[in-house]
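Comments concern the structure below.
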Amino acid sequence: MNVKISLPDGSQREYPQGVKGADIALSISEGLARNALAIEVNGEVWDLARPITNDASVKILTWNDKSGKTTFWHSSAHLLAEALEALYPGVKFGIGPAIDSGFYYDVDLGDRTFGEGDLVAIENKMKELAKKDSAYVRKDVSKTEALDYFNKKADPYKIELISGLQDGSITFYQQGNFVDLCKGPHIPHTGFIKAVKLTNVAGAYWRGDEKNKMLTRIYGITFPKQKELDEYVHLMEEAKKRDHRKLGKELELFAFSEKVGMGLPLWLPKGTILRERLEQFMRKAQVRAGYDPVVTPHIGGKSLYVTSGHYEKYGKDSFQPIHTPDENEEFLLKPMNCPHHCEIYKTKPRSYRDLPIRLAEFGTVYRYEQSGELHGLTRVRGFTQDDAHIFCRPDQVKDEFIKVIDLVLHVFKSLGFDNYTAQVSLRDPANKQKYIGQDHLWDKAEKEIQEAADERGLKTVAVEGEAAFYGPKLDFMVKDALGRSWQLGTIQVDYNLPQRFELEYVGSDNQRHTPVMIHRAPFGSLERFVAVLIEHCAGNFPLWLAPDQIAVLPISERFNDYAAKVFDALKAQDIRGLLDDRDEKIGRKIRDAETKKIPFMLIVGEREAAENRVAVRKHGQGDQGSVSLDEFVNNFKVECAAP
RNA sequence: GCCGAGAUAGCUCAGCGGUAGAGCAGCUGAUUCGUAAUCAGCAGGUCGUGGGUUCAAAUCCCAUUCUCGGCUCCA
């Protein structure tokens, strides 16, 4: 009996029934067989040693395939576990999956404590074990057998995992002396793993539940070649140089102070310029899009948030109420702007003809984030949203939503963010009590969001359980320098708060109706946006945003007068920058300006002073030759136009 | 909030039981210079904070604050 095997190039070959992936790879080429890690059989990844009994279309997976890497790293997690068991007999194992880059294993070390210093010893053990070329052997086991094995090892985590599995679908994998519960697949043997780096140790709750015990999570990454590990390490070092916390300090954009409080950023003068440019950019875009700017206070009466539901949901985990000499009075630092905007809506009766009403505010809000969550500017306790609330009729929701998508995309495009994910954040259907409002309105809102995104041709991923408590969202996610994903822009459809605040408008039928609210923030928060922007451009901001756009560098003190004249002329044209009239050599001044990532350096000496010219040097690009001062200003203005 | 690591001059870091160190930045002076660091001198820290052990603590122990890596959370 033969089986028909289709290959990715469309060709078909016949092999004896029970043929293994390894055989197929070898029949194609020796090189492929040498690099083969696994095989995709009808879309499912299998071990190369697993017999294929039916016709199938297959693809041999190597390191160059994403699922090849995943398999490689999953097998590496087993190797890590083998090393841990060898070094620390009696450790208990949780789970050990592959992740985007690398893998981890959650382990219970019992009474042992364990720091990053211990990692080198484990790495070495892994390398030693890898050299044994131990095959990863798959074995079907019954549930009883499986439970029996881990009962003997007294591993409560594996026992818990097995208990949730169905008899008949349980497999073990063994390499060397280490046996693990695992559905596979794996690479053929440990010898493929040539380079190992354990990157960090962290605590992680068993099964991600903070009520459970915290296990020790060991993160690592492995490669088939040492060179690839070296490249990876180099890449990580480069990424660290882009970290907005590092650049924020170096470029004097923002700072934190223990006395002010954790998570409460201080914007330094240069950071403030950056931030105000962004605000101005957004204000302009919003005026064009029909928004009305409003301003509301930083605090609001407690009842405002009782009405909105925020108090019930977040009250005890928030900054606590502010009290006044009047004992019955309580104010909250505003964690959201929407309730204030609802009150603005209510200042007068609204007609269906007035809608949509779009109220926009750069509103600073305060949220008591858990201390361990704070992270540079991306996660803070006080931040400014480029917030707006659109109050509209039900028939206007989709149109308005699409307009907001366009605005968000305009922002991203203007700043060169092309690597974002659009995420439709839905309710967790298993946990509906976490949300307010009626089912049918949620369903409607979720449908409208998806339709609007589809209509704009946006590729989206839907994620359950990520909605706000009052409504579903469309979130725009962007990764930071170190690969961590952050939410920037967000658009939310909300049928609930208008009801709670008893908002209404008079329809064409002369009846009272409840409007729909769209919450939206294209930047999300200025703080987080600036953080991601810093990392995105590695501190080399576009000219229109750069805190210092030019540095005027006299060759020597003899030309300080001319340099000052040039500098004043530029300032008169609203060009930002500095005059470096220190008693330093020009090489030094250039170096310092380059380090500060100032886009243009204007070098002036005898030649320039004589002819009213400037020698232009561009950051990172070197000498651009000399032009007249007027010409420079004209060119600059063109290049510096804000989008 | 939880697990682990850390905090030394403005910045980056060395020192890890025996009277606080370097480079850069800063200040002063010399130099007046043509595209990524001119030279010399000076000054600068109750070693995060509070307790403890010790003849002696930056160094060891405890607590606390903040930072970092994750986990949980994220209106």
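Naming scheme: A, B, ... for chains in displayed order of the structure tokens; residues 1 onward per chain; ligands 1 onward as shown.
For chain B, the residues within 9 Å of chain A are G1, C2, C3, G4, A5, C11, U31, U32, C33, G34, U35, A36, A37, U38, U65, C66, G69, G70, C71, U72, C73, C74 and A75 of chain B, with only C-alpha atoms (C1' of nucleotides) used to measure distance.
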From region 350-478 of chain A, collect each residue whose DSSP state is strand (DSSP E or B) and return the set as a PDB file with N, CA, C and O atoms, in the first residue's frame.
```pdb
ATOM      1  N   ARG A 350     -30.799  68.431  23.403  1.00  0.00           N
ATOM      2  CA  ARG A 350     -30.159  68.189  22.118  1.00  0.00           C
ATOM      3  C   ARG A 350     -31.181  67.655  21.121  1.00  0.00           C
ATOM      4  O   ARG A 350     -32.034  66.853  21.482  1.00  0.00           O
ATOM      5  N   SER A 351     -31.053  68.112  19.893  1.00  0.00           N
ATOM      6  CA  SER A 351     -31.934  67.635  18.834  1.00  0.00           C
ATOM      7  C   SER A 351     -31.179  66.630  17.980  1.00  0.00           C
ATOM      8  O   SER A 351     -29.954  66.665  17.911  1.00  0.00           O
ATOM      9  N   ILE A 357     -22.253  65.127  18.068  1.00  0.00           N
ATOM     10  CA  ILE A 357     -21.500  66.132  18.812  1.00  0.00           C
ATOM     11  C   ILE A 357     -20.191  65.485  19.233  1.00  0.00           C
ATOM     12  O   ILE A 357     -20.191  64.408  19.818  1.00  0.00           O
ATOM     13  N   ARG A 358     -19.090  66.144  18.897  1.00  0.00           N
ATOM     14  CA  ARG A 358     -17.776  65.527  19.173  1.00  0.00           C
ATOM     15  C   ARG A 358     -16.998  66.430  20.118  1.00  0.00           C
ATOM     16  O   ARG A 358     -16.542  67.494  19.726  1.00  0.00           O
ATOM     17  N   LEU A 359     -16.873  65.988  21.371  1.00  0.00           N
ATOM     18  CA  LEU A 359     -16.198  66.791  22.393  1.00  0.00           C
ATOM     19  C   LEU A 359     -14.804  66.239  22.633  1.00  0.00           C
ATOM     20  O   LEU A 359     -14.642  65.081  23.001  1.00  0.00           O
ATOM     21  N   ALA A 360     -13.809  67.080  22.436  1.00  0.00           N
ATOM     22  CA  ALA A 360     -12.419  66.626  22.527  1.00  0.00           C
ATOM     23  C   ALA A 360     -11.685  67.362  23.636  1.00  0.00           C
ATOM     24  O   ALA A 360     -11.903  68.552  23.851  1.00  0.00           O
ATOM     25  N   GLU A 361     -10.834  66.624  24.333  1.00  0.00           N
ATOM     26  CA  GLU A 361     -10.072  67.232  25.416  1.00  0.00           C
ATOM     27  C   GLU A 361      -8.776  66.475  25.634  1.00  0.00           C
ATOM     28  O   GLU A 361      -8.761  65.245  25.651  1.00  0.00           O
ATOM     29  N   PHE A 362      -7.670  67.219  25.797  1.00  0.00           N
ATOM     30  CA  PHE A 362      -6.451  66.572  26.283  1.00  0.00           C
ATOM     31  C   PHE A 362      -6.611  66.485  27.786  1.00  0.00           C
ATOM     32  O   PHE A 362      -6.274  67.422  28.512  1.00  0.00           O
ATOM     33  N   GLY A 363      -7.189  65.404  28.232  1.00  0.00           N
ATOM     34  CA  GLY A 363      -7.588  65.289  29.626  1.00  0.00           C
ATOM     35  C   GLY A 363      -6.579  64.464  30.410  1.00  0.00           C
ATOM     36  O   GLY A 363      -6.250  63.344  30.039  1.00  0.00           O
ATOM     37  N   THR A 364      -6.086  65.051  31.479  1.00  0.00           N
ATOM     38  CA  THR A 364      -5.129  64.324  32.313  1.00  0.00           C
ATOM     39  C   THR A 364      -5.892  63.508  33.349  1.00  0.00           C
ATOM     40  O   THR A 364      -6.740  64.037  34.066  1.00  0.00           O
ATOM     41  N   VAL A 365      -5.615  62.234  33.394  1.00  0.00           N
ATOM     42  CA  VAL A 365      -6.334  61.334  34.292  1.00  0.00           C
ATOM     43  C   VAL A 365      -5.340  60.592  35.201  1.00  0.00           C
ATOM     44  O   VAL A 365      -4.152  60.510  34.892  1.00  0.00           O
ATOM     45  N   TYR A 366      -5.857  60.121  36.299  1.00  0.00           N
ATOM     46  CA  TYR A 366      -5.014  59.471  37.306  1.00  0.00           C
ATOM     47  C   TYR A 366      -5.591  58.109  37.639  1.00  0.00           C
ATOM     48  O   TYR A 366      -6.759  57.987  37.986  1.00  0.00           O
ATOM     49  N   HIS A 375       6.008  51.333  34.321  1.00  0.00           N
ATOM     50  CA  HIS A 375       7.065  51.062  33.355  1.00  0.00           C
ATOM     51  C   HIS A 375       7.328  52.322  32.549  1.00  0.00           C
ATOM     52  O   HIS A 375       6.575  52.630  31.632  1.00  0.00           O
ATOM     53  N   ARG A 379       3.534  52.915  31.169  1.00  0.00           N
ATOM     54  CA  ARG A 379       2.515  52.589  32.161  1.00  0.00           C
ATOM     55  C   ARG A 379       2.753  53.487  33.366  1.00  0.00           C
ATOM     56  O   ARG A 379       3.725  53.304  34.095  1.00  0.00           O
ATOM     57  N   GLY A 382      -0.343  58.880  36.180  1.00  0.00           N
ATOM     58  CA  GLY A 382      -0.984  60.129  35.771  1.00  0.00           C
ATOM     59  C   GLY A 382      -0.622  60.359  34.323  1.00  0.00           C
ATOM     60  O   GLY A 382       0.556  60.385  33.991  1.00  0.00           O
ATOM     61  N   PHE A 383      -1.595  60.487  33.461  1.00  0.00           N
ATOM     62  CA  PHE A 383      -1.274  60.649  32.046  1.00  0.00           C
ATOM     63  C   PHE A 383      -2.371  61.419  31.333  1.00  0.00           C
ATOM     64  O   PHE A 383      -3.475  61.582  31.844  1.00  0.00           O
ATOM     65  N   THR A 384      -2.014  61.917  30.156  1.00  0.00           N
ATOM     66  CA  THR A 384      -2.942  62.751  29.406  1.00  0.00           C
ATOM     67  C   THR A 384      -3.425  62.024  28.169  1.00  0.00           C
ATOM     68  O   THR A 384      -2.626  61.631  27.326  1.00  0.00           O
ATOM     69  N   GLN A 385      -4.733  61.840  28.100  1.00  0.00           N
ATOM     70  CA  GLN A 385      -5.314  61.191  26.926  1.00  0.00           C
ATOM     71  C   GLN A 385      -5.689  62.249  25.897  1.00  0.00           C
ATOM     72  O   GLN A 385      -6.164  63.322  26.250  1.00  0.00           O
ATOM     73  N   ASP A 386      -5.518  61.910  24.633  1.00  0.00           N
ATOM     74  CA  ASP A 386      -6.081  62.773  23.584  1.00  0.00           C
ATOM     75  C   ASP A 386      -7.508  62.264  23.366  1.00  0.00           C
ATOM     76  O   ASP A 386      -7.849  61.668  22.376  1.00  0.00           O
ATOM     77  N   ASP A 387      -8.313  62.554  24.369  1.00  0.00           N
ATOM     78  CA  ASP A 387      -9.620  61.922  24.496  1.00  0.00           C
ATOM     79  C   ASP A 387     -10.686  62.696  23.715  1.00  0.00           C
ATOM     80  O   ASP A 387     -10.572  63.906  23.534  1.00  0.00           O
ATOM     81  N   ALA A 388     -11.682  62.002  23.266  1.00  0.00           N
ATOM     82  CA  ALA A 388     -12.879  62.677  22.751  1.00  0.00           C
ATOM     83  C   ALA A 388     -14.044  61.716  22.850  1.00  0.00           C
ATOM     84  O   ALA A 388     -13.859  60.500  22.868  1.00  0.00           O
ATOM     85  N   HIS A 389     -15.221  62.289  22.967  1.00  0.00           N
ATOM     86  CA  HIS A 389     -16.437  61.480  23.000  1.00  0.00           C
ATOM     87  C   HIS A 389     -17.387  61.979  21.946  1.00  0.00           C
ATOM     88  O   HIS A 389     -17.682  63.169  21.878  1.00  0.00           O
ATOM     89  N   ILE A 390     -17.806  61.076  21.107  1.00  0.00           N
ATOM     90  CA  ILE A 390     -18.725  61.416  20.028  1.00  0.00           C
ATOM     91  C   ILE A 390     -20.113  60.926  20.452  1.00  0.00           C
ATOM     92  O   ILE A 390     -20.291  59.743  20.745  1.00  0.00           O
ATOM     93  N   PHE A 391     -21.028  61.868  20.535  1.00  0.00           N
ATOM     94  CA  PHE A 391     -22.403  61.503  20.864  1.00  0.00           C
ATOM     95  C   PHE A 391     -23.174  61.503  19.545  1.00  0.00           C
ATOM     96  O   PHE A 391     -23.212  62.530  18.851  1.00  0.00           O
ATOM     97  N   CYS A 392     -23.754  60.365  19.197  1.00  0.00           N
ATOM     98  CA  CYS A 392     -24.412  60.299  17.898  1.00  0.00           C
ATOM     99  C   CYS A 392     -25.667  59.447  17.960  1.00  0.00           C
ATOM    100  O   CYS A 392     -25.946  58.805  18.970  1.00  0.00           O
ATOM    101  N   TYR A 420       1.589  48.002  13.139  1.00  0.00           N
ATOM    102  CA  TYR A 420       0.619  47.931  14.234  1.00  0.00           C
ATOM    103  C   TYR A 420      -0.329  46.765  14.007  1.00  0.00           C
ATOM    104  O   TYR A 420      -0.438  46.242  12.894  1.00  0.00           O
ATOM    105  N   THR A 421      -0.976  46.352  15.059  1.00  0.00           N
ATOM    106  CA  THR A 421      -2.012  45.332  14.966  1.00  0.00           C
ATOM    107  C   THR A 421      -3.323  45.984  15.371  1.00  0.00           C
ATOM    108  O   THR A 421      -3.367  46.702  16.360  1.00  0.00           O
ATOM    109  N   ALA A 422      -4.372  45.729  14.594  1.00  0.00           N
ATOM    110  CA  ALA A 422      -5.693  46.206  14.985  1.00  0.00           C
ATOM    111  C   ALA A 422      -6.407  45.065  15.697  1.00  0.00           C
ATOM    112  O   ALA A 422      -6.585  43.982  15.147  1.00  0.00           O
ATOM    113  N   GLN A 423      -6.762  45.326  16.939  1.00  0.00           N
ATOM    114  CA  GLN A 423      -7.344  44.258  17.754  1.00  0.00           C
ATOM    115  C   GLN A 423      -8.778  44.614  18.123  1.00  0.00           C
ATOM    116  O   GLN A 423      -9.038  45.672  18.685  1.00  0.00           O
ATOM    117  N   VAL A 424      -9.701  43.728  17.773  1.00  0.00           N
ATOM    118  CA  VAL A 424     -11.082  43.920  18.209  1.00  0.00           C
ATOM    119  C   VAL A 424     -11.196  43.285  19.591  1.00  0.00           C
ATOM    120  O   VAL A 424     -11.048  42.081  19.749  1.00  0.00           O
ATOM    121  N   SER A 425     -11.407  44.120  20.598  1.00  0.00           N
ATOM    122  CA  SER A 425     -11.428  43.645  21.982  1.00  0.00           C
ATOM    123  C   SER A 425     -12.871  43.394  22.417  1.00  0.00           C
ATOM    124  O   SER A 425     -13.659  44.319  22.572  1.00  0.00           O
ATOM    125  N   LEU A 426     -13.177  42.123  22.586  1.00  0.00           N
ATOM    126  CA  LEU A 426     -14.557  41.706  22.864  1.00  0.00           C
ATOM    127  C   LEU A 426     -14.727  41.340  24.327  1.00  0.00           C
ATOM    128  O   LEU A 426     -13.765  41.193  25.066  1.00  0.00           O
ATOM    129  N   THR A 460      -7.876  42.596  11.238  1.00  0.00           N
ATOM    130  CA  THR A 460      -8.043  42.631  12.693  1.00  0.00           C
ATOM    131  C   THR A 460      -7.872  41.243  13.298  1.00  0.00           C
ATOM    132  O   THR A 460      -8.062  40.243  12.625  1.00  0.00           O
ATOM    133  N   VAL A 461      -7.484  41.245  14.572  1.00  0.00           N
ATOM    134  CA  VAL A 461      -7.563  40.006  15.349  1.00  0.00           C
ATOM    135  C   VAL A 461      -8.555  40.262  16.477  1.00  0.00           C
ATOM    136  O   VAL A 461      -8.508  41.302  17.131  1.00  0.00           O
ATOM    137  N   ALA A 462      -9.466  39.325  16.670  1.00  0.00           N
ATOM    138  CA  ALA A 462     -10.449  39.475  17.735  1.00  0.00           C
ATOM    139  C   ALA A 462      -9.920  38.795  18.986  1.00  0.00           C
ATOM    140  O   ALA A 462      -9.418  37.674  18.922  1.00  0.00           O
ATOM    141  N   VAL A 463      -9.978  39.483  20.112  1.00  0.00           N
ATOM    142  CA  VAL A 463      -9.523  38.894  21.365  1.00  0.00           C
ATOM    143  C   VAL A 463     -10.623  39.032  22.412  1.00  0.00           C
ATOM    144  O   VAL A 463     -11.056  40.142  22.724  1.00  0.00           O
ATOM    145  N   GLU A 464     -11.059  37.895  22.908  1.00  0.00           N
ATOM    146  CA  GLU A 464     -12.123  37.914  23.906  1.00  0.00           C
ATOM    147  C   GLU A 464     -11.572  38.305  25.269  1.00  0.00           C
ATOM    148  O   GLU A 464     -10.428  38.011  25.597  1.00  0.00           O
ATOM    149  N   ALA A 468     -13.588  46.973  27.349  1.00  0.00           N
ATOM    150  CA  ALA A 468     -13.790  47.771  28.548  1.00  0.00           C
ATOM    151  C   ALA A 468     -15.078  47.294  29.214  1.00  0.00           C
ATOM    152  O   ALA A 468     -15.881  46.613  28.575  1.00  0.00           O
ATOM    153  N   GLY A 471     -18.068  48.597  27.175  1.00  0.00           N
ATOM    154  CA  GLY A 471     -18.239  48.392  25.745  1.00  0.00           C
ATOM    155  C   GLY A 471     -17.023  47.783  25.071  1.00  0.00           C
ATOM    156  O   GLY A 471     -15.923  47.834  25.623  1.00  0.00           O
ATOM    157  N   LYS A 473     -14.053  47.351  22.065  1.00  0.00           N
ATOM    158  CA  LYS A 473     -13.107  48.347  21.562  1.00  0.00           C
ATOM    159  C   LYS A 473     -12.431  47.860  20.293  1.00  0.00           C
ATOM    160  O   LYS A 473     -12.345  46.655  20.037  1.00  0.00           O
ATOM    161  N   LEU A 474     -11.941  48.822  19.554  1.00  0.00           N
ATOM    162  CA  LEU A 474     -10.964  48.517  18.506  1.00  0.00           C
ATOM    163  C   LEU A 474      -9.659  49.151  18.986  1.00  0.00           C
ATOM    164  O   LEU A 474      -9.580  50.373  19.120  1.00  0.00           O
ATOM    165  N   ASP A 475      -8.676  48.316  19.273  1.00  0.00           N
ATOM    166  CA  ASP A 475      -7.417  48.812  19.829  1.00  0.00           C
ATOM    167  C   ASP A 475      -6.302  48.688  18.809  1.00  0.00           C
ATOM    168  O   ASP A 475      -6.215  47.682  18.106  1.00  0.00           O
ATOM    169  N   PHE A 476      -5.454  49.686  18.775  1.00  0.00           N
ATOM    170  CA  PHE A 476      -4.297  49.633  17.882  1.00  0.00           C
ATOM    171  C   PHE A 476      -3.057  49.374  18.722  1.00  0.00           C
ATOM    172  O   PHE A 476      -2.695  50.175  19.577  1.00  0.00           O
ATOM    173  N   MET A 477      -2.439  48.226  18.488  1.00  0.00           N
ATOM    174  CA  MET A 477      -1.309  47.791  19.307  1.00  0.00           C
ATOM    175  C   MET A 477      -0.004  47.991  18.540  1.00  0.00           C
ATOM    176  O   MET A 477       0.077  47.669  17.359  1.00  0.00           O
ATOM    177  N   VAL A 478       1.003  48.493  19.241  1.00  0.00           N
ATOM    178  CA  VAL A 478       2.315  48.714  18.639  1.00  0.00           C
ATOM    179  C   VAL A 478       3.357  48.139  19.585  1.00  0.00           C
ATOM    180  O   VAL A 478       3.199  48.199  20.804  1.00  0.00           O
TER     181      VAL A 478
END
```
task = May I have all residues of region 401-525 of chain A that DSSP, computed from the backbone, assigns to helix (DSSP H, G or I), given as an MDAnalysis selection string?
result = chainID A and resid 401:414 432:434 439:455 496:500
task = Find the spatial neighbours of Asp428 (chain A), counting only C-alpha atoms (C1' of nucleotides), within a cut-off of 7 Å - ignore same-chain residues fewer than 3 positions away - and output them as a ChimeraX atom specification.
result = /A:431-432,464-465
inquiry  = Rounded to one decimal, what separation in Å do you get between CA of Glu329 (chain A) and CA of Glu343 (chain A)?
reply    =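 Result for CA of Glu329 (chain A) versus CA of Glu343 (chain A): 19.0 Å, one decimal.
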Non-local contacts of C62 (chain B) (12 Å; only C-alpha atoms (C1' of nucleotides); under 3 positions in same chain excluded) as a ChimeraX atom specification = /B:50-53
inquiry  = Give me the residues near G15 (chain B) as number ranges by chain, where near means some atom within 10 Å (using only C-alpha atoms (C1' of nucleotides)) and where sequence neighbours in that chain fewer than 5 positions away do not count.
reply    = B: 8, 20-21, 58-59
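Put simply, CA of Met282 (chain A) is 22.1 Å away from CA of Lys398 (chain A).
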request  = Tell me, as a PyMOL selection string, which residues lie within 12 Å of region 560-575 of chain A, counting only C-alpha atoms (C1' of nucleotides); anything in the same chain fewer than 4 positions away does not count.
outcome  = (chain A and resi 543-556+579-584+599-615+628-634+636-637+639-641) or (chain B and resi 32)
Can you pull out every residue within 7 Å of region 130-132 of chain A, counting only C-alpha atoms (C1' of nucleotides), but drop anything in the same chain fewer than 2 positions away, and send it as an mmCIF file with N, CA and C atoms, in the first residue's frame?
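Output below, filename around.cif:
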```
data_model
loop_
_atom_site.group_PDB
_atom_site.id
_atom_site.type_symbol
_atom_site.label_atom_id
_atom_site.label_comp_id
_atom_site.auth_asym_id
_atom_site.auth_seq_id
_atom_site.Cartn_x
_atom_site.Cartn_y
_atom_site.Cartn_z
ATOM 1 N N MET A 126 22.691 22.206 29.950
ATOM 2 C CA MET A 126 21.897 22.010 28.732
ATOM 3 C C MET A 126 22.790 21.709 27.538
ATOM 4 N N LYS A 127 23.882 22.463 27.431
ATOM 5 C CA LYS A 127 24.799 22.241 26.307
ATOM 6 C C LYS A 127 25.392 20.839 26.378
ATOM 7 N N GLU A 128 25.725 20.435 27.613
ATOM 8 C CA GLU A 128 26.307 19.104 27.809
ATOM 9 C C GLU A 128 25.303 18.027 27.389
ATOM 10 N N SER A 134 20.322 13.077 22.176
ATOM 11 C CA SER A 134 19.225 12.216 22.626
ATOM 12 C C SER A 134 17.988 12.451 21.767
ATOM 13 N N THR A 190 18.346 16.135 20.445
ATOM 14 C CA THR A 190 18.846 17.338 21.113
ATOM 15 C C THR A 190 20.072 17.945 20.423
ATOM 16 N N GLY A 191 20.735 17.155 19.566
ATOM 17 C CA GLY A 191 21.967 17.620 18.932
ATOM 18 C C GLY A 191 21.785 18.841 18.059
ATOM 19 N N ILE A 193 20.407 21.468 18.933
ATOM 20 C CA ILE A 193 20.496 22.659 19.775
ATOM 21 C C ILE A 193 21.963 22.945 20.088
#
```
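For the set B:A63, B:A43, B:A14, B:C68, the residue with the smallest atom-to-atom gap to C27 (chain B) is B:A43, counting only C-alpha atoms (C1' of nucleotides).
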